[in-house]
$ cat input.txt   # compact mmCIF, C-alpha atoms and all ligand atoms
# COMPACT_ATOMS: atom_id res chain seq x y z
CA MET X 1 -2.06 -15.89 -31.01
CA SER X 2 -1.55 -18.55 -33.63
CA ALA X 3 -0.29 -21.99 -32.74
CA PRO X 4 3.49 -22.39 -32.60
CA MET X 5 5.07 -23.51 -35.86
CA SER X 6 5.45 -27.28 -36.05
CA GLU X 7 8.88 -28.78 -36.62
CA GLN X 8 7.65 -30.29 -39.85
CA ARG X 9 6.46 -26.96 -41.21
CA LEU X 10 9.75 -25.33 -40.28
CA ALA X 11 11.65 -28.15 -41.99
CA GLU X 12 9.61 -27.62 -45.19
CA ILE X 13 10.40 -23.91 -45.21
CA LEU X 14 14.10 -24.52 -44.60
CA ALA X 15 14.25 -27.20 -47.31
CA ARG X 16 12.76 -24.75 -49.80
CA ALA X 17 15.33 -22.14 -48.86
CA GLU X 18 18.19 -24.64 -49.15
CA ALA X 19 17.03 -25.75 -52.58
CA ALA X 20 16.93 -22.21 -53.97
CA THR X 21 19.92 -20.62 -55.75
CA PRO X 22 22.40 -19.69 -53.04
CA GLY X 23 22.04 -16.17 -51.61
CA PRO X 24 22.35 -13.43 -51.01
CA TRP X 25 20.11 -11.96 -53.65
CA CYS X 26 19.65 -8.33 -54.51
CA ALA X 27 17.10 -6.28 -56.42
CA ASP X 28 17.68 -3.72 -59.11
CA GLU X 29 14.37 -2.03 -59.82
CA TRP X 30 12.04 -5.02 -60.45
CA GLU X 31 14.88 -7.33 -61.41
CA ILE X 32 16.34 -9.86 -58.96
CA TYR X 33 19.97 -10.98 -59.16
CA GLN X 34 22.35 -13.20 -57.25
CA GLY X 35 24.86 -11.23 -55.14
CA THR X 36 24.85 -8.37 -52.68
CA GLU X 37 24.41 -5.78 -55.43
CA TYR X 38 23.71 -5.71 -59.11
CA VAL X 39 26.78 -5.53 -61.35
CA PRO X 40 25.79 -5.10 -65.03
CA GLY X 41 26.96 -7.92 -67.18
CA VAL X 42 28.22 -9.90 -64.20
CA SER X 43 25.31 -10.54 -61.81
CA ALA X 44 23.33 -13.73 -62.50
CA TRP X 45 19.67 -13.01 -63.15
CA ILE X 46 17.14 -14.69 -60.85
CA GLY X 47 13.91 -13.19 -62.11
CA GLU X 48 11.73 -10.15 -62.14
CA THR X 49 8.45 -8.95 -60.68
CA CYS X 50 6.05 -7.70 -63.29
CA ARG X 51 2.38 -8.05 -62.40
CA GLY X 52 1.36 -6.07 -65.41
CA THR X 53 -1.23 -4.10 -63.46
CA SER X 54 1.36 -3.04 -60.85
CA THR X 55 2.91 0.36 -60.55
CA PRO X 56 6.71 0.43 -60.94
CA GLU X 57 6.91 1.22 -57.18
CA GLN X 58 4.97 -1.93 -56.35
CA ASP X 59 7.17 -4.02 -58.62
CA ARG X 60 10.27 -2.62 -56.92
CA ALA X 61 8.83 -3.45 -53.49
CA ASP X 62 7.99 -7.00 -54.58
CA ALA X 63 11.47 -7.53 -56.03
CA SER X 64 13.07 -6.19 -52.87
CA PHE X 65 10.94 -8.56 -50.77
CA VAL X 66 11.77 -11.66 -52.87
CA ALA X 67 15.50 -10.86 -52.96
CA ALA X 68 15.68 -10.31 -49.21
CA ALA X 69 13.62 -13.45 -48.50
CA ARG X 70 16.61 -15.52 -49.68
CA THR X 71 18.47 -14.55 -46.48
CA ASP X 72 15.54 -13.43 -44.29
CA VAL X 73 13.86 -16.83 -44.32
CA PRO X 74 16.83 -18.89 -43.07
CA GLU X 75 17.52 -16.17 -40.47
CA LEU X 76 13.93 -16.29 -39.19
CA ALA X 77 13.96 -20.09 -39.17
CA ALA X 78 17.14 -20.09 -37.06
CA ALA X 79 15.51 -17.64 -34.62
CA VAL X 80 12.42 -19.85 -34.38
CA GLN X 81 14.60 -22.90 -33.69
CA LEU X 82 16.48 -21.05 -30.97
CA LEU X 83 13.26 -19.90 -29.29
CA ALA X 84 11.74 -23.37 -29.57
CA ALA X 85 14.78 -24.83 -27.82
CA GLU X 86 14.51 -22.21 -25.11
CA VAL X 87 10.79 -22.89 -24.61
CA ALA X 88 11.47 -26.63 -24.39
CA GLY X 89 14.18 -26.00 -21.78
CA LEU X 90 11.89 -23.78 -19.71
CA ARG X 91 9.04 -26.31 -19.94
CA ALA X 92 11.36 -29.02 -18.65
CA ARG X 93 12.45 -26.76 -15.80
CA ILE X 94 8.81 -26.03 -14.88
CA THR X 95 8.05 -29.76 -14.79
CA GLU X 96 11.10 -30.24 -12.60
CA LEU X 97 10.05 -27.47 -10.20
CA GLU X 98 6.44 -28.64 -10.09
CA ALA X 99 7.65 -32.07 -9.03
CA LEU X 100 9.43 -30.60 -6.01
CA THR X 101 7.67 -30.44 -2.68
CA PRO X 102 8.05 -26.90 -1.46
CA ALA X 103 9.38 -26.35 2.02
CA PRO X 104 6.51 -25.69 4.45
CA ILE X 105 8.25 -22.55 5.63
CA GLN X 106 9.26 -20.13 2.89
CA THR X 107 11.49 -17.09 3.23
CA CYS X 108 9.79 -13.86 2.21
CA ARG X 109 11.78 -12.18 -0.56
CA THR X 110 10.63 -8.79 0.59
CA CYS X 111 11.26 -8.79 4.32
CA GLY X 112 13.17 -12.04 4.90
CA THR X 113 10.69 -13.39 7.42
CA GLY X 114 9.59 -17.02 7.30
CA TYR X 115 5.98 -17.70 6.28
CA ASP X 116 3.78 -20.72 5.61
CA TYR X 117 3.98 -21.93 2.01
CA GLY X 118 0.91 -20.93 0.02
CA LYS X 119 -0.01 -18.12 2.38
CA PRO X 120 0.98 -14.48 2.20
CA CYS X 121 3.81 -13.26 4.41
CA SER X 122 2.09 -12.12 7.59
CA VAL X 123 4.72 -9.45 8.31
CA CYS X 124 4.35 -7.88 4.86
CA GLU X 125 0.56 -8.14 5.07
CA PHE X 126 0.63 -6.44 8.44
CA LYS X 127 2.88 -3.66 7.16
CA LYS X 128 0.61 -3.18 4.15
CA ARG X 129 -2.47 -2.88 6.35
CA MET X 130 -0.68 -0.50 8.68
CA ALA X 131 0.50 1.66 5.79
CA ALA X 132 -3.02 1.72 4.34
CA ALA X 133 -4.53 2.66 7.69
CA LEU X 134 -1.96 5.39 8.24
CA ALA X 135 -2.40 6.75 4.74
CA GLU X 136 -6.07 7.29 5.53
CA ASP X 137 -5.49 9.01 8.83
CA PRO X 138 -1.78 9.47 9.54
CA HIS X 139 -2.24 11.46 12.76
CA ASP X 140 -5.11 10.03 14.68
CA SER X 141 -5.03 6.40 13.61
CA PRO X 142 -5.16 4.12 16.65
CA LEU X 143 -2.86 1.88 14.62
CA ALA X 144 -0.14 4.51 14.51
CA SER X 145 1.15 3.51 17.93
CA THR X 146 1.73 -0.05 16.76
CA LEU X 147 4.28 1.21 14.23
CA VAL X 148 6.52 2.45 17.03
CA SER X 149 9.54 0.21 17.45
CA PRO X 150 9.15 -2.59 20.02
CA TRP X 151 12.03 -1.05 22.01
CA GLN X 152 10.20 2.24 22.14
CA GLN X 153 7.08 0.40 23.30
CA ALA X 154 9.08 -1.34 26.05
CA VAL X 155 10.44 2.01 27.21
CA ALA X 156 6.91 3.42 27.19
CA GLY X 157 5.84 0.47 29.37
CA LEU X 158 8.53 1.17 31.96
CA ASN X 159 7.70 4.87 31.90
CA ALA X 160 4.08 3.95 32.61
CA LEU X 161 5.32 2.60 35.95
CA VAL X 162 7.34 5.80 36.50
CA ASP X 163 4.28 7.91 35.71
CA ALA X 164 2.26 5.90 38.21
CA ASP X 165 4.91 6.61 40.88
CA VAL X 166 5.72 2.92 41.17
CA ILE X 167 9.16 2.43 42.68
CA PHE X 168 10.70 -0.53 40.91
CA HIS X 169 14.03 -1.99 39.99
CA VAL X 170 15.35 -4.50 37.49
CA GLU X 171 17.06 -7.43 39.14
CA PRO X 172 20.21 -9.03 37.68
CA ASP X 173 18.15 -11.92 36.32
CA GLY X 174 15.85 -9.56 34.49
CA HIS X 175 12.92 -9.59 36.91
CA ILE X 176 11.27 -6.26 37.41
CA SER X 177 10.12 -5.97 40.96
CA ALA X 178 8.76 -3.25 43.19
CA PRO X 179 9.75 -3.31 46.88
CA PHE X 180 6.49 -1.69 47.94
CA SER X 181 4.24 -3.80 45.76
CA ASP X 182 3.38 -7.48 45.54
CA GLU X 183 3.32 -7.24 41.76
CA HIS X 184 6.32 -7.90 39.58
CA ILE X 185 7.24 -8.93 36.07
CA GLU X 186 8.93 -12.25 35.41
CA TRP X 187 9.85 -14.42 32.45
CA ASP X 188 7.56 -17.43 32.17
CA LEU X 189 9.59 -20.31 30.76
CA GLN X 190 6.59 -22.29 29.56
CA ALA X 191 4.68 -19.42 28.06
CA ARG X 192 7.94 -17.88 26.78
CA ARG X 193 6.56 -14.48 27.65
CA TRP X 194 7.01 -11.83 30.26
CA VAL X 195 4.14 -12.09 32.71
CA LEU X 196 2.78 -10.02 35.56
CA THR X 197 2.84 -12.04 38.76
CA HIS X 198 1.92 -11.46 42.36
CA ASP X 199 3.98 -12.58 45.33
CA ASP X 200 1.33 -15.06 46.46
CA GLU X 201 1.43 -16.75 43.03
CA ASP X 202 5.09 -17.69 43.25
CA GLU X 203 4.40 -21.04 44.94
CA SER X 204 2.27 -22.15 42.04
CA ALA X 205 4.57 -20.89 39.33
CA PRO X 206 7.35 -23.43 38.97
CA ALA X 207 8.00 -22.45 35.37
CA LEU X 208 9.40 -19.08 36.34
CA VAL X 209 13.14 -18.62 36.38
CA GLU X 210 14.07 -19.15 40.00
CA ALA X 211 17.75 -19.33 40.74
CA PRO X 212 18.36 -19.77 44.48
CA HIS X 213 22.03 -20.12 45.30
CA SER X 214 21.69 -23.73 46.34
CA ALA X 215 19.82 -24.83 43.23
CA PRO X 216 21.56 -26.11 40.08
CA PRO X 217 21.95 -23.36 37.47
CA VAL X 218 18.82 -22.82 35.47
CA ARG X 219 19.39 -22.13 31.80
CA ASP X 220 18.08 -18.69 31.07
CA LEU X 221 15.68 -19.13 28.17
CA ARG X 222 14.76 -15.52 27.77
CA PRO X 223 15.06 -14.29 24.17
CA GLY X 224 18.60 -13.12 23.53
CA ALA X 225 19.93 -14.61 26.74
CA ASP X 226 22.60 -16.67 24.99
CA ALA X 227 23.82 -13.72 22.95
CA ALA X 228 23.92 -11.54 26.05
CA ARG X 229 25.92 -14.16 27.92
CA ARG X 230 28.43 -14.45 25.08
CA MET X 231 28.77 -10.69 24.91
CA LEU X 232 29.41 -10.45 28.61
CA ALA X 233 31.99 -13.26 28.40
CA ASN X 234 33.83 -11.45 25.59
CA ARG X 235 33.82 -8.21 27.52
CA ASP X 236 35.32 -9.93 30.56
CA THR X 237 38.11 -11.43 28.47
CA THR X 238 39.11 -8.22 26.74
CA GLY X 239 38.85 -6.31 30.02
CA GLY X 240 41.34 -8.71 31.57
CA THR X 241 44.05 -8.10 28.99
CA ASP X 242 44.06 -4.39 29.67
CA VAL X 243 45.10 -4.83 33.30
ZN ZN B 1 7.49 -10.40 4.05
$ encode --input "input.txt" --output "structure tokens"
Amino acid sequence: MSAPMSEQRLAEILARAEAATPGPWCADEWEIYQGTEYVPGVSAWIGETCRGTSTPEQDRADASFVAAARTDVPELAAAVQLLAAEVAGLRARITELEALTPAPIQTCRTCGTGYDYGKPCSVCEFKKRMAAALAEDPHDSPLASTLVSPWQQAVAGLNALVDADVIFHVEPDGHISAPFSDEHIEWDLQARRWVLTHDDEDESAPALVEAPHSAPPVRDLRPGADAARRMLANRDTTGGTDV
């Protein structure tokens, strides 16, 4: 690609066009006249193309080119000026954007998840790898199970207890306990995860949600707890108006 036209060069071309007999020009055979079309006896003669060695067809083509150049050149120059202005504007915008410090956490435009600036979106990367693995072996891939929804996986987990004949129940605070077992599942506030605990570990697990009646209320930090509380509150309100 050649270098962009300099402003000076463009100015020279435009000056030449301005200095020429005003357009438009037209061609009649190898003759060039002022005006949109040749009118015998009226149109002012500009010139003619006669190379001597040319064929009449070539002379006609040359005349057509010269006549059209009278309007083509200013039109092209205007287009170049417009593009140059656009390029300058975009360059300025790039400089502006490059000067900005990007936020450390970016929002993925594909999946909407936050990711570290400069790194690929981990969710999209994961999905891509999963899709690639499944495409290779859609039925037997050990990765296939990880594509099941997290809810489905949670249900599968509870059914694992059912299948093992474990008698368990979910307590109002979310704990999953088994009356005939010392194992149960609780929400660990510090780890912010559900954990498997044993009855003899309770003493040494102060981070777990423990809400004895005499204790001050403990804020339930389980994921979604606030939303669930709000939902329950709304339901109570609307239920009351019906009575
Ligand atoms: Zn993503």
$ residues_near_ligand --input "input.txt" --ligand "ligand ZN 1 (chain B)" --cutoff "10 Å" --atoms "all atoms listed in the file" --output "list in words"
Gln106, Thr107, Cys108, Arg109, Thr110, Cys111, Gly112, Thr113, Gly114, Tyr115, Pro120, Cys121, Ser122, Val123, Cys124, Glu125, Phe126, Lys127 and Lys128 of chain X
$ atom_distance --input "input.txt" --atom1 "CA of Cys50 in chain X" --atom2 "CA of Ala63 in chain X"
9.1 Å
$ residues_around --input "input.txt" --residues "Pro22 in chain X" --least-positions-apart "4" --cutoff "12 Å" --atoms "all atoms listed in the file" --output "MDAnalysis selection string"
chainID X and resid 16:18 26 33:36 44 46 67 69:71 74
$ atom_distance --input "input.txt" --atom1 "CA of Trp30 in chain X" --atom2 "CA of Val42 in chain X"
17.3 Å
$ atom_distance --input "input.txt" --atom1 "CA of Pro24 in chain X" --atom2 "CA of Gly47 in chain X"
13.9 Å
$ residues_around --input "input.txt" --residues "Ile185 in chain X" --least-positions-apart "3" --cutoff "9 Å" --atoms "all atoms listed in the file" --output "JSON, numbers by chain"
{"X": [174, 175, 176, 177, 194, 195, 196, 197, 198]}
$ residues_around --input "input.txt" --residues "Asp72 in chain X" --least-positions-apart "5" --cutoff "12 Å" --atoms "all atoms listed in the file" --output "MDAnalysis selection string"
chainID X and resid 13:14 17 23:25 64:67 77:79
$ closest_residue --input "input.txt" --among "X:Ala133, X:Leu76, X:Arg9, X:Ala27" --to "Ser43 in chain X" --atoms "only C-alpha atoms"
X:Ala27
$ closest_residue --input "input.txt" --among "X:Tyr38, X:Ala135, X:His184, X:Arg192" --to "His169 in chain X" --atoms "only C-alpha atoms"
X:His184
$ build_atoms --input "input.txt" --residues "range 149-180 of chain X" --atoms "N, CA and C atoms" --output "short mmCIF file (atom, residue, chain, number, x, y, z; two decimals), in the coordinates of the input"
data_model
loop_
_atom_site.label_atom_id
_atom_site.label_comp_id
_atom_site.auth_asym_id
_atom_site.auth_seq_id
_atom_site.Cartn_x
_atom_site.Cartn_y
_atom_site.Cartn_z
N SER X 149 8.67 1.37 17.31
CA SER X 149 9.54 0.21 17.45
C SER X 149 9.24 -0.51 18.76
N PRO X 150 9.44 -1.83 18.81
CA PRO X 150 9.15 -2.59 20.02
C PRO X 150 9.99 -2.08 21.21
N TRP X 151 11.20 -1.60 20.93
CA TRP X 151 12.03 -1.05 22.01
C TRP X 151 11.36 0.18 22.61
N GLN X 152 10.86 1.03 21.68
CA GLN X 152 10.20 2.24 22.14
C GLN X 152 8.97 1.89 22.98
N GLN X 153 8.26 0.82 22.56
CA GLN X 153 7.08 0.40 23.30
C GLN X 153 7.47 -0.12 24.68
N ALA X 154 8.62 -0.82 24.76
CA ALA X 154 9.08 -1.34 26.05
C ALA X 154 9.42 -0.18 26.98
N VAL X 155 10.09 0.83 26.42
CA VAL X 155 10.44 2.01 27.21
C VAL X 155 9.17 2.70 27.70
N ALA X 156 8.18 2.78 26.82
CA ALA X 156 6.91 3.42 27.19
C ALA X 156 6.27 2.65 28.35
N GLY X 157 6.41 1.30 28.31
CA GLY X 157 5.84 0.47 29.37
C GLY X 157 6.49 0.77 30.71
N LEU X 158 7.82 0.88 30.71
CA LEU X 158 8.53 1.17 31.96
C LEU X 158 8.17 2.57 32.45
N ASN X 159 8.05 3.51 31.51
CA ASN X 159 7.70 4.87 31.90
C ASN X 159 6.27 4.95 32.45
N ALA X 160 5.44 3.98 32.06
CA ALA X 160 4.08 3.95 32.61
C ALA X 160 4.15 3.70 34.12
N LEU X 161 5.12 2.86 34.52
CA LEU X 161 5.32 2.60 35.95
C LEU X 161 5.84 3.87 36.63
N VAL X 162 6.78 4.55 35.95
CA VAL X 162 7.34 5.80 36.50
C VAL X 162 6.22 6.81 36.69
N ASP X 163 5.38 6.94 35.66
CA ASP X 163 4.28 7.91 35.71
C ASP X 163 3.30 7.59 36.83
N ALA X 164 3.20 6.30 37.16
CA ALA X 164 2.26 5.90 38.21
C ALA X 164 2.94 5.93 39.58
N ASP X 165 4.15 6.51 39.62
CA ASP X 165 4.91 6.61 40.88
C ASP X 165 5.21 5.25 41.49
N VAL X 166 5.35 4.25 40.66
CA VAL X 166 5.72 2.92 41.17
C VAL X 166 7.25 2.88 41.30
N ILE X 167 7.71 2.57 42.49
CA ILE X 167 9.16 2.43 42.68
C ILE X 167 9.52 1.00 42.33
N PHE X 168 10.36 0.83 41.34
CA PHE X 168 10.70 -0.53 40.91
C PHE X 168 12.17 -0.60 40.54
N HIS X 169 12.67 -1.83 40.49
CA HIS X 169 14.03 -1.99 39.99
C HIS X 169 14.13 -3.29 39.20
N VAL X 170 15.12 -3.32 38.32
CA VAL X 170 15.35 -4.50 37.49
C VAL X 170 16.43 -5.33 38.16
N GLU X 171 16.10 -6.57 38.47
CA GLU X 171 17.06 -7.43 39.14
C GLU X 171 18.04 -8.02 38.13
N PRO X 172 19.20 -8.52 38.61
CA PRO X 172 20.21 -9.03 37.68
C PRO X 172 19.66 -10.11 36.74
N ASP X 173 18.69 -10.87 37.20
CA ASP X 173 18.15 -11.92 36.32
C ASP X 173 17.05 -11.40 35.41
N GLY X 174 16.82 -10.12 35.41
CA GLY X 174 15.85 -9.56 34.49
C GLY X 174 14.49 -9.30 35.10
N HIS X 175 14.22 -9.85 36.29
CA HIS X 175 12.92 -9.59 36.91
C HIS X 175 12.76 -8.11 37.20
N ILE X 176 11.56 -7.64 37.05
CA ILE X 176 11.27 -6.26 37.41
C ILE X 176 10.37 -6.31 38.64
N SER X 177 10.91 -5.86 39.73
CA SER X 177 10.12 -5.97 40.96
C SER X 177 10.01 -4.61 41.62
N ALA X 178 9.00 -4.50 42.48
CA ALA X 178 8.76 -3.25 43.19
C ALA X 178 8.74 -3.59 44.69
N PRO X 179 9.65 -2.97 45.46
CA PRO X 179 9.75 -3.31 46.88
C PRO X 179 8.46 -3.01 47.65
N PHE X 180 7.70 -2.05 47.19
CA PHE X 180 6.49 -1.69 47.94
C PHE X 180 5.24 -2.22 47.26
#
